[in-house]
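See below for coords-v1.pdb, which holds PDB, C-alpha atoms.
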ATOM      1  CA  MET A 157     -24.929 173.171  59.511  1.00  0.00           C
ATOM      2  CA  LYS A 158     -23.815 169.641  58.625  1.00  0.00           C
ATOM      3  CA  HIS A 159     -25.620 167.554  56.069  1.00  0.00           C
ATOM      4  CA  PHE A 160     -26.204 163.826  56.760  1.00  0.00           C
ATOM      5  CA  ARG A 161     -26.714 161.216  54.093  1.00  0.00           C
ATOM      6  CA  SER A 162     -29.044 158.459  54.979  1.00  0.00           C
ATOM      7  CA  TYR A 163     -27.581 154.848  54.984  1.00  0.00           C
ATOM      8  CA  ARG A 164     -29.418 152.132  53.223  1.00  0.00           C
ATOM      9  CA  PHE A 165     -28.940 148.617  54.595  1.00  0.00           C
ATOM     10  CA  PRO A 166     -28.527 145.904  51.963  1.00  0.00           C
ATOM     11  CA  PRO A 167     -31.474 143.749  51.411  1.00  0.00           C
ATOM     12  CA  LEU A 168     -31.870 140.900  53.874  1.00  0.00           C
ATOM     13  CA  SER A 169     -31.928 138.440  51.018  1.00  0.00           C
ATOM     14  CA  GLN A 170     -28.255 139.231  50.292  1.00  0.00           C
ATOM     15  CA  PHE A 171     -27.291 138.277  53.839  1.00  0.00           C
ATOM     16  CA  ILE A 172     -29.291 135.085  53.558  1.00  0.00           C
ATOM     17  CA  ALA A 173     -27.737 134.211  50.193  1.00  0.00           C
ATOM     18  CA  ALA A 174     -24.224 134.969  51.488  1.00  0.00           C
ATOM     19  CA  GLY A 175     -24.876 132.808  54.532  1.00  0.00           C
ATOM     20  CA  GLN A 176     -26.091 129.995  52.366  1.00  0.00           C
ATOM     21  CA  ARG A 177     -23.014 130.259  50.147  1.00  0.00           C
ATOM     22  CA  ALA A 178     -20.728 130.184  53.152  1.00  0.00           C
ATOM     23  CA  SER A 179     -22.643 127.280  54.557  1.00  0.00           C
ATOM     24  CA  ASN A 180     -22.416 125.461  51.224  1.00  0.00           C
ATOM     25  CA  GLU A 181     -18.708 126.155  50.977  1.00  0.00           C
ATOM     26  CA  ASP A 182     -18.168 124.795  54.490  1.00  0.00           C
ATOM     27  CA  THR A 183     -20.268 121.748  53.672  1.00  0.00           C
ATOM     28  CA  ASP A 184     -18.333 121.113  50.445  1.00  0.00           C
ATOM     29  CA  GLY A 185     -15.035 121.387  52.277  1.00  0.00           C
ATOM     30  CA  GLN A 186     -16.147 119.009  54.963  1.00  0.00           C
ATOM     31  CA  TRP A 187     -17.453 116.577  52.364  1.00  0.00           C
ATOM     32  CA  GLN A 188     -14.212 116.677  50.383  1.00  0.00           C
ATOM     33  CA  ALA A 189     -12.220 116.234  53.558  1.00  0.00           C
ATOM     34  CA  SER A 190     -14.421 113.304  54.516  1.00  0.00           C
ATOM     35  CA  VAL A 191     -14.047 111.763  51.069  1.00  0.00           C
ATOM     36  CA  SER A 192     -10.280 112.210  51.169  1.00  0.00           C
ATOM     37  CA  GLU A 193     -10.072 110.775  54.654  1.00  0.00           C
ATOM     38  CA  GLY A 194     -12.335 107.870  53.688  1.00  0.00           C
ATOM     39  CA  PHE A 195     -10.246 107.198  50.590  1.00  0.00           C
ATOM     40  CA  GLU A 196      -7.055 107.150  52.614  1.00  0.00           C
ATOM     41  CA  GLN A 197      -8.673 104.939  55.237  1.00  0.00           C
ATOM     42  CA  GLY A 198      -9.908 102.633  52.500  1.00  0.00           C
ATOM     43  CA  GLN A 199      -6.410 102.455  51.053  1.00  0.00           C
ATOM     44  CA  ARG A 200      -4.980 101.605  54.455  1.00  0.00           C
ATOM     45  CA  ASP A 201      -7.677  99.022  55.137  1.00  0.00           C
ATOM     46  CA  GLY A 202      -7.330  97.546  51.656  1.00  0.00           C
ATOM     47  CA  TYR A 203      -3.559  97.350  51.980  1.00  0.00           C
ATOM     48  CA  GLU A 204      -3.807  95.654  55.351  1.00  0.00           C
ATOM     49  CA  VAL A 205      -6.453  93.211  54.126  1.00  0.00           C
ATOM     50  CA  GLY A 206      -4.510  92.546  50.919  1.00  0.00           C
ATOM     51  CA  LEU A 207      -1.300  92.088  52.873  1.00  0.00           C
ATOM     52  CA  VAL A 208      -2.892  89.625  55.249  1.00  0.00           C
ATOM     53  CA  GLN A 209      -4.616  87.762  52.397  1.00  0.00           C
ATOM     54  CA  GLY A 210      -1.429  87.755  50.317  1.00  0.00           C
ATOM     55  CA  GLN A 211       0.548  86.429  53.252  1.00  0.00           C
ATOM     56  CA  GLN A 212      -2.031  83.713  53.828  1.00  0.00           C
ATOM     57  CA  ASP A 213      -2.160  82.799  50.136  1.00  0.00           C
ATOM     58  CA  GLY A 214       1.625  82.777  49.949  1.00  0.00           C
ATOM     59  CA  TYR A 215       1.824  80.632  53.061  1.00  0.00           C
ATOM     60  CA  ASP A 216      -0.738  78.162  51.701  1.00  0.00           C
ATOM     61  CA  SER A 217       0.963  78.010  48.301  1.00  0.00           C
ATOM     62  CA  GLY A 218       4.433  77.708  49.802  1.00  0.00           C
ATOM     63  CA  ARG A 219       3.247  75.080  52.249  1.00  0.00           C
ATOM     64  CA  SER A 220       1.656  73.049  49.451  1.00  0.00           C
ATOM     65  CA  ASP A 221       4.733  73.349  47.208  1.00  0.00           C
ATOM     66  CA  GLY A 222       7.012  72.580  50.127  1.00  0.00           C
ATOM     67  CA  MET A 223       5.074  69.462  51.047  1.00  0.00           C
ATOM     68  CA  ALA A 224       5.090  68.251  47.425  1.00  0.00           C
ATOM     69  CA  GLN A 225       8.807  68.916  47.120  1.00  0.00           C
ATOM     70  CA  GLY A 226       9.441  67.262  50.469  1.00  0.00           C
ATOM     71  CA  ARG A 227       7.497  64.168  49.436  1.00  0.00           C
ATOM     72  CA  GLU A 228       9.417  63.949  46.152  1.00  0.00           C
ATOM     73  CA  GLU A 229      12.766  64.409  47.853  1.00  0.00           C
ATOM     74  CA  GLY A 230      11.823  61.872  50.512  1.00  0.00           C
ATOM     75  CA  ARG A 231      10.759  59.400  47.832  1.00  0.00           C
ATOM     76  CA  ASN A 232      14.027  59.859  45.945  1.00  0.00           C
ATOM     77  CA  GLU A 233      16.074  59.467  49.113  1.00  0.00           C
ATOM     78  CA  THR A 234      14.125  56.324  50.001  1.00  0.00           C
ATOM     79  CA  LEU A 235      14.710  54.835  46.549  1.00  0.00           C
ATOM     80  CA  VAL A 236      18.416  55.591  46.784  1.00  0.00           C
ATOM     81  CA  ALA A 237      18.580  54.016  50.238  1.00  0.00           C
ATOM     82  CA  LEU A 238      16.679  50.944  49.059  1.00  0.00           C
ATOM     83  CA  ASP A 239      18.961  50.642  46.052  1.00  0.00           C
ATOM     84  CA  ARG A 240      22.011  50.722  48.347  1.00  0.00           C
ATOM     85  CA  LEU A 241      20.444  48.067  50.550  1.00  0.00           C
ATOM     86  CA  ALA A 242      19.385  45.933  47.574  1.00  0.00           C
ATOM     87  CA  ARG A 243      22.806  45.811  45.940  1.00  0.00           C
ATOM     88  CA  PRO A 244      24.356  43.365  48.431  1.00  0.00           C
ATOM     89  CA  VAL A 245      21.196  41.249  48.337  1.00  0.00           C
ATOM     90  CA  ASP A 246      21.239  41.167  44.530  1.00  0.00           C
ATOM     91  CA  ALA A 247      24.909  40.187  44.607  1.00  0.00           C
ATOM     92  CA  ILE A 248      24.153  37.384  47.073  1.00  0.00           C
ATOM     93  CA  LEU A 249      21.292  36.134  44.892  1.00  0.00           C
ATOM     94  CA  ARG A 250      23.514  36.151  41.817  1.00  0.00           C
ATOM     95  CA  ASP A 251      26.173  34.225  43.703  1.00  0.00           C
ATOM     96  CA  LEU A 252      23.593  31.723  44.919  1.00  0.00           C
ATOM     97  CA  LYS A 253      22.268  31.230  41.393  1.00  0.00           C
ATOM     98  CA  LYS A 254      25.800  30.707  40.100  1.00  0.00           C
ATOM     99  CA  VAL A 255      26.574  28.249  42.890  1.00  0.00           C
ATOM    100  CA  ARG A 256      23.370  26.362  42.153  1.00  0.00           C
ATOM    101  CA  ALA A 257      24.092  26.348  38.418  1.00  0.00           C
ATOM    102  CA  ASP A 258      27.667  25.195  39.006  1.00  0.00           C
ATOM    103  CA  TYR A 259      26.452  22.497  41.396  1.00  0.00           C
ATOM    104  CA  ARG A 260      23.901  21.227  38.900  1.00  0.00           C
ATOM    105  CA  GLU A 261      26.478  21.321  36.125  1.00  0.00           C
ATOM    106  CA  ALA A 262      28.857  19.310  38.312  1.00  0.00           C
ATOM    107  CA  GLN A 263      26.053  16.848  39.058  1.00  0.00           C
ATOM    108  CA  ARG A 264      25.273  16.455  35.357  1.00  0.00           C
ATOM    109  CA  LYS A 265      28.938  15.914  34.578  1.00  0.00           C
ATOM    110  CA  GLU A 266      29.228  13.316  37.329  1.00  0.00           C
ATOM    111  CA  VAL A 267      26.150  11.503  36.013  1.00  0.00           C
ATOM    112  CA  VAL A 268      27.435  11.573  32.437  1.00  0.00           C
ATOM    113  CA  ASP A 269      30.898  10.433  33.493  1.00  0.00           C
ATOM    114  CA  LEU A 270      29.414   7.635  35.587  1.00  0.00           C
ATOM    115  CA  VAL A 271      27.178   6.451  32.740  1.00  0.00           C
ATOM    116  CA  ALA A 272      30.103   6.608  30.317  1.00  0.00           C
ATOM    117  CA  LYS A 273      32.317   4.637  32.699  1.00  0.00           C
ATOM    118  CA  VAL A 274      29.690   1.939  33.150  1.00  0.00           C
ATOM    119  CA  ALA A 275      29.047   1.832  29.403  1.00  0.00           C
ATOM    120  CA  ARG A 276      32.743   1.441  28.624  1.00  0.00           C
ATOM    121  CA  GLN A 277      33.007  -1.428  31.080  1.00  0.00           C
ATOM    122  CA  VAL A 278      29.993  -3.133  29.551  1.00  0.00           C
ATOM    123  CA  ILE A 279      31.342  -2.641  26.032  1.00  0.00           C
ATOM    124  CA  ARG A 280      34.770  -3.889  27.020  1.00  0.00           C
ATOM    125  CA  ALA A 281      33.275  -6.991  28.623  1.00  0.00           C
ATOM    126  CA  GLU A 282      31.014  -7.625  25.618  1.00  0.00           C
ATOM    127  CA  LEU A 283      33.855  -7.251  23.126  1.00  0.00           C
ATOM    128  CA  ALA A 284      36.041  -9.538  25.220  1.00  0.00           C
ATOM    129  CA  LEU A 285      33.419 -12.242  24.824  1.00  0.00           C
ATOM    130  CA  GLN A 286      32.391 -11.463  21.250  1.00  0.00           C
ATOM    131  CA  PRO A 287      35.006  -9.329  19.437  1.00  0.00           C
ATOM    132  CA  VAL A 288      33.371 -10.057  16.084  1.00  0.00           C
ATOM    133  CA  GLN A 289      30.690  -7.494  17.046  1.00  0.00           C
ATOM    134  CA  LEU A 290      33.182  -4.907  15.818  1.00  0.00           C
ATOM    135  CA  LEU A 291      32.463  -6.170  12.313  1.00  0.00           C
ATOM    136  CA  ALA A 292      28.825  -5.180  12.805  1.00  0.00           C
ATOM    137  CA  LEU A 293      30.039  -1.644  13.504  1.00  0.00           C
ATOM    138  CA  VAL A 294      32.057  -1.807  10.291  1.00  0.00           C
ATOM    139  CA  ASP A 295      28.952  -2.815   8.307  1.00  0.00           C
ATOM    140  CA  GLU A 296      26.924  -0.019   9.891  1.00  0.00           C
ATOM    141  CA  THR A 297      29.585   2.584   9.208  1.00  0.00           C
ATOM    142  CA  LEU A 298      30.080   1.531   5.568  1.00  0.00           C
ATOM    143  CA  ALA A 299      26.335   1.776   5.000  1.00  0.00           C
ATOM    144  CA  SER A 300      26.473   5.452   5.932  1.00  0.00           C
ATOM    145  CA  MET A 301      29.439   6.191   3.633  1.00  0.00           C
ATOM    146  CA  PRO A 302      29.340   6.883  -0.128  1.00  0.00           C
ATOM    147  CA  PRO A 303      29.717   3.642  -2.096  1.00  0.00           C
ATOM    148  CA  THR A 304      33.179   2.959  -3.537  1.00  0.00           C
ATOM    149  CA  ARG A 305      34.824   0.363  -5.775  1.00  0.00           C
ATOM    150  CA  GLU A 306      38.181   0.801  -4.087  1.00  0.00           C
ATOM    151  CA  GLU A 307      39.528  -1.587  -1.511  1.00  0.00           C
ATOM    152  CA  ILE A 308      38.286  -1.020   2.023  1.00  0.00           C
ATOM    153  CA  ASP A 309      40.875  -0.969   4.794  1.00  0.00           C
ATOM    154  CA  VAL A 310      39.764  -1.691   8.356  1.00  0.00           C
ATOM    155  CA  PHE A 311      42.227  -0.844  11.118  1.00  0.00           C
ATOM    156  CA  LEU A 312      41.836  -2.752  14.393  1.00  0.00           C
ATOM    157  CA  ASN A 313      43.674  -3.393  17.619  1.00  0.00           C
ATOM    158  CA  PRO A 314      46.112  -6.279  16.951  1.00  0.00           C
ATOM    159  CA  GLU A 315      44.671  -8.524  19.658  1.00  0.00           C
ATOM    160  CA  GLU A 316      41.108  -8.011  18.460  1.00  0.00           C
ATOM    161  CA  LEU A 317      42.156  -8.508  14.828  1.00  0.00           C
ATOM    162  CA  LYS A 318      43.711 -11.853  15.733  1.00  0.00           C
ATOM    163  CA  ARG A 319      40.641 -13.064  17.623  1.00  0.00           C
ATOM    164  CA  ILE A 320      38.229 -11.881  14.901  1.00  0.00           C
ATOM    165  CA  SER A 321      40.244 -13.724  12.255  1.00  0.00           C
ATOM    166  CA  GLU A 322      40.109 -16.858  14.382  1.00  0.00           C
ATOM    167  CA  LEU A 323      36.419 -16.646  15.332  1.00  0.00           C
ATOM    168  CA  ASP A 324      34.940 -15.530  11.990  1.00  0.00           C
ATOM    169  CA  PRO A 325      37.514 -15.871   9.204  1.00  0.00           C
ATOM    170  CA  LYS A 326      34.857 -15.736   6.488  1.00  0.00           C
ATOM    171  CA  ARG A 327      33.639 -12.267   7.462  1.00  0.00           C
ATOM    172  CA  ALA A 328      37.182 -11.133   8.179  1.00  0.00           C
ATOM    173  CA  LYS A 329      38.061 -11.757   4.527  1.00  0.00           C
ATOM    174  CA  ARG A 330      35.414  -9.338   3.278  1.00  0.00           C
ATOM    175  CA  TRP A 331      37.748  -6.393   3.949  1.00  0.00           C
ATOM    176  CA  ASN A 332      41.408  -5.715   4.239  1.00  0.00           C
ATOM    177  CA  LEU A 333      41.970  -5.966   7.989  1.00  0.00           C
ATOM    178  CA  ILE A 334      45.057  -4.107   9.192  1.00  0.00           C
ATOM    179  CA  ALA A 335      46.528  -4.229  12.700  1.00  0.00           C
ATOM    180  CA  ASP A 336      47.154  -0.844  14.314  1.00  0.00           C
ATOM    181  CA  ALA A 337      48.825  -0.922  17.741  1.00  0.00           C
ATOM    182  CA  ARG A 338      47.804   2.696  18.356  1.00  0.00           C
ATOM    183  CA  LEU A 339      44.157   1.688  18.609  1.00  0.00           C
ATOM    184  CA  ASP A 340      42.697   0.656  21.946  1.00  0.00           C
ATOM    185  CA  ALA A 341      40.449  -2.358  22.333  1.00  0.00           C
ATOM    186  CA  GLY A 342      37.033  -1.617  20.855  1.00  0.00           C
ATOM    187  CA  GLU A 343      38.378   1.029  18.474  1.00  0.00           C
ATOM    188  CA  CYS A 344      38.127   0.768  14.724  1.00  0.00           C
ATOM    189  CA  ARG A 345      39.030   3.049  11.810  1.00  0.00           C
ATOM    190  CA  ILE A 346      37.801   2.578   8.244  1.00  0.00           C
ATOM    191  CA  LYS A 347      39.375   3.937   5.071  1.00  0.00           C
ATOM    192  CA  ALA A 348      37.516   3.662   1.759  1.00  0.00           C
ATOM    193  CA  GLY A 349      39.240   5.572  -1.010  1.00  0.00           C
ATOM    194  CA  ASP A 350      39.608   9.186   0.051  1.00  0.00           C
ATOM    195  CA  ASN A 351      37.137   8.775   2.925  1.00  0.00           C
ATOM    196  CA  GLU A 352      38.273   7.804   6.390  1.00  0.00           C
ATOM    197  CA  VAL A 353      35.987   7.563   9.435  1.00  0.00           C
ATOM    198  CA  ASP A 354      36.122   6.458  13.039  1.00  0.00           C
ATOM    199  CA  ALA A 355      33.850   3.458  13.560  1.00  0.00           C
ATOM    200  CA  GLY A 356      35.015   2.540  17.040  1.00  0.00           C
ATOM    201  CA  CYS A 357      33.080   2.327  20.264  1.00  0.00           C
ATOM    202  CA  HIS A 358      34.711   5.396  21.830  1.00  0.00           C
ATOM    203  CA  GLN A 359      33.415   7.775  19.162  1.00  0.00           C
ATOM    204  CA  ARG A 360      29.905   6.332  19.355  1.00  0.00           C
ATOM    205  CA  LEU A 361      29.916   6.412  23.138  1.00  0.00           C
ATOM    206  CA  SER A 362      31.041  10.081  23.130  1.00  0.00           C
ATOM    207  CA  ALA A 363      28.196  11.028  20.785  1.00  0.00           C
ATOM    208  CA  CYS A 364      25.739   9.176  23.010  1.00  0.00           C
ATOM    209  CA  MET A 365      27.037  10.911  26.150  1.00  0.00           C
ATOM    210  CA  GLU A 366      26.683  14.319  24.480  1.00  0.00           C
ATOM    211  CA  GLN A 367      23.025  13.574  23.885  1.00  0.00           C
ATOM    212  CA  VAL A 368      22.588  12.463  27.487  1.00  0.00           C
ATOM    213  CA  SER A 369      24.255  15.664  28.736  1.00  0.00           C
ATOM    214  CA  SER A 370      22.054  17.806  26.471  1.00  0.00           C
ATOM    215  CA  HIS A 371      18.890  16.100  27.727  1.00  0.00           C
ATOM    216  CA  LEU A 372      19.943  16.601  31.358  1.00  0.00           C
ATOM    217  CA  ALA A 373      20.741  20.285  30.759  1.00  0.00           C
ATOM    218  CA  LEU A 374      17.382  20.802  29.006  1.00  0.00           C
ATOM    219  CA  ALA A 375      15.533  19.112  31.878  1.00  0.00           C
ATOM    220  CA  ALA A 376      17.348  21.338  34.413  1.00  0.00           C
ATOM    221  CA  GLU A 377      16.452  24.448  32.385  1.00  0.00           C
ATOM    222  CA  HIS A 378      12.786  23.491  32.325  1.00  0.00           C
ATOM    223  CA  ALA A 379      12.909  22.850  36.065  1.00  0.00           C
ATOM    224  CA  ASP A 380      14.394  26.331  36.674  1.00  0.00           C
ATOM    225  CA  GLN A 381      11.702  27.965  34.543  1.00  0.00           C
ATOM    226  CA  GLY A 382       8.952  26.150  36.406  1.00  0.00           C
ATOM    227  CA  ALA A 383      10.417  26.930  39.840  1.00  0.00           C
ATOM    228  CA  PRO A 384       8.961  29.906  41.766  1.00  0.00           C
ATOM    229  CA  ALA A 385      11.073  33.065  41.700  1.00  0.00           C
TER     230      ALA A 385
END

What is this file in C-alpha cells?
Amino acid sequence: MKHFRSYRFPPLSQFIAAGQRASNEDTDGQWQASVSEGFEQGQRDGYEVGLVQGQQDGYDSGRSDGMAQGREEGRNETLVALDRLARPVDAILRDLKKVRADYREAQRKEVVDLVAKVARQVIRAELALQPVQLLALVDETLASMPPTREEIDVFLNPEELKRISELDPKRAKRWNLIADARLDAGECRIKAGDNEVDAGCHQRLSACMEQVSSHLALAAEHADQGAPA
C-alpha cells in the first residue's frame, strides 16, 4: 500500500508579495524607460531649439556686422570717388588763383611803370626849366651823410653843370662840380672823402616806386583776405 505525503500550499501572502515585487519591477522599468526616452527627446528638442536660435542669432549678428562693414566700405569708396572728382576741380581753382594773382601783379606793375613814366617826364620838364633844383638834392643828400672836412665832389651831366653854373654861380662854387658824360640828365653823384652816394632823381624815383608797389601789393592782399572763399 502506497503512502501519500500531503502538500502544503505556500501562504497566500507570498504570492501577493511576489506579485507586488513583479509589479514594482515592471513599474520601475517602465519609469526608467520613460525617463530615458524623455531625456533623449529633451536632448533632441533642445538641440533643435538651440540650433534654430543659434542660426537666428548668427544671422542677426552677421547681418548687423555685414551692414556696418558695408556702410564703412561704401563710405570709403565714396570718399575715394569724391577725392578723384575733386582733384581736377582743385587744380582748376589753383590755376584760377594763379591767373588772378598774375593778372593783379601785371596790373600793379603797369600802374607802377605808368606812374614812374609820368614822374620822370615831370622831373625832366622841371629840371629843364630849373636845373638848379639839383643843388637842393645835393644839400639834402649831404645832410644825411657823416660830416667831413674833405673837399666835396659833385658829379653832374655836362649840360646841366653848364646851366647851373650860369644860373646860380654862387651856389655852384660851394662844391667842386665835375662834369660826367656818363650821367643822364637829372642824375647826380656825390663823393665826400671815402663816402660816395647817388643823389640823382632816378635813385629817388626808384625808391618811391618801390613804396608804391609795396602799398599796392598790401592792399591787394587785404582785399583777398576780405573776399569770400

TODO: Using all atoms listed in the file, find the one residue out of A:Leu241, A:His358, A:Val288, A:Leu252 that sits nearest to A:Pro325.
DONE: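 With all atoms listed in the file as the atom set, the closest residue is A:Val288.
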
TODO: Write out as an MDAnalysis selection string each polymer residue whose atoms come within 10 Å of stretch 253-257 of chain A, counting all atoms listed in the file; drop sequence neighbours fewer than 5 positions from it.
DONE: chainID A and resid 247:248 262:263 376:377 380

TODO: Using the chain letters and numbering of this document, enumerate as number ranges by chain the residues selected by the PyMOL selection byres ((chain A and resi 311) around 9).
DONE: A: 309-310, 312-314, 317, 332-336, 339, 343-347

For stretch 318-330 of chain A, what centre and edge lengths in Å (one decimal) does the axis-aligned box get once 8 Å is added on each side of all its listed atoms, as JSON?
{"center_x": 38.7, "center_y": -13.1, "center_z": 10.5, "size_x": 26.1, "size_y": 23.5, "size_z": 30.3}

Task: Counting only C-alpha atoms, the option among A:Ala348, A:Cys364, A:Ala355, A:Val236 closest to A:Thr304 - done: A:Ala348

Task: Residues returned when the PyMOL selection byres ((chain A and resi 359) around 12) runs on this file, as a ChimeraX atom specification - done: /A:272,276,293,297,342-345,353-358,360-366

Any chance you could export the current selection's C-alpha atoms as a short mmCIF file (atom, residue, chain, number, x, y, z; two decimals), in the coordinates of the input?
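Result saved to selection-v9.cif:
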data_model
loop_
_atom_site.label_atom_id
_atom_site.label_comp_id
_atom_site.auth_asym_id
_atom_site.auth_seq_id
_atom_site.Cartn_x
_atom_site.Cartn_y
_atom_site.Cartn_z
CA ALA A 272 30.10 6.61 30.32
CA ARG A 276 32.74 1.44 28.62
CA LEU A 293 30.04 -1.64 13.50
CA THR A 297 29.58 2.58 9.21
CA GLY A 342 37.03 -1.62 20.86
CA GLU A 343 38.38 1.03 18.47
CA CYS A 344 38.13 0.77 14.72
CA ARG A 345 39.03 3.05 11.81
CA VAL A 353 35.99 7.56 9.44
CA ASP A 354 36.12 6.46 13.04
CA ALA A 355 33.85 3.46 13.56
CA GLY A 356 35.02 2.54 17.04
CA CYS A 357 33.08 2.33 20.26
CA HIS A 358 34.71 5.40 21.83
CA ARG A 360 29.90 6.33 19.36
CA LEU A 361 29.92 6.41 23.14
CA SER A 362 31.04 10.08 23.13
CA ALA A 363 28.20 11.03 20.78
CA CYS A 364 25.74 9.18 23.01
CA MET A 365 27.04 10.91 26.15
CA GLU A 366 26.68 14.32 24.48
#

- [ ] May I ask for the distance between atom CA of A:Val268 and atom CA of A:Leu374, given in Å to one decimal place?
- [x]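 Going from atom CA of A:Val268 over to atom CA of A:Leu374, I get 14.1 Å.
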
- [ ] Go through A:Arg231, A:Val278, A:Lys326, A:Val368 and flag the residue nearest A:Glu266, using all atoms listed in the file for the distances.
- [x]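 Answer, going by the shortest atom-to-atom distance: A:Val368.
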
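Taking atom CA of A:Pro287 as the reference point, atom CA of A:Ala275 is found at 16.1 Å.
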
Open item on the list: If I take atom CA of A:Ile320 and atom CA of A:Leu291, how far is one from the other in Å, to one decimal?
Closed with: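 Atom CA of A:Leu291 lies 8.5 Å from atom CA of A:Ile320.
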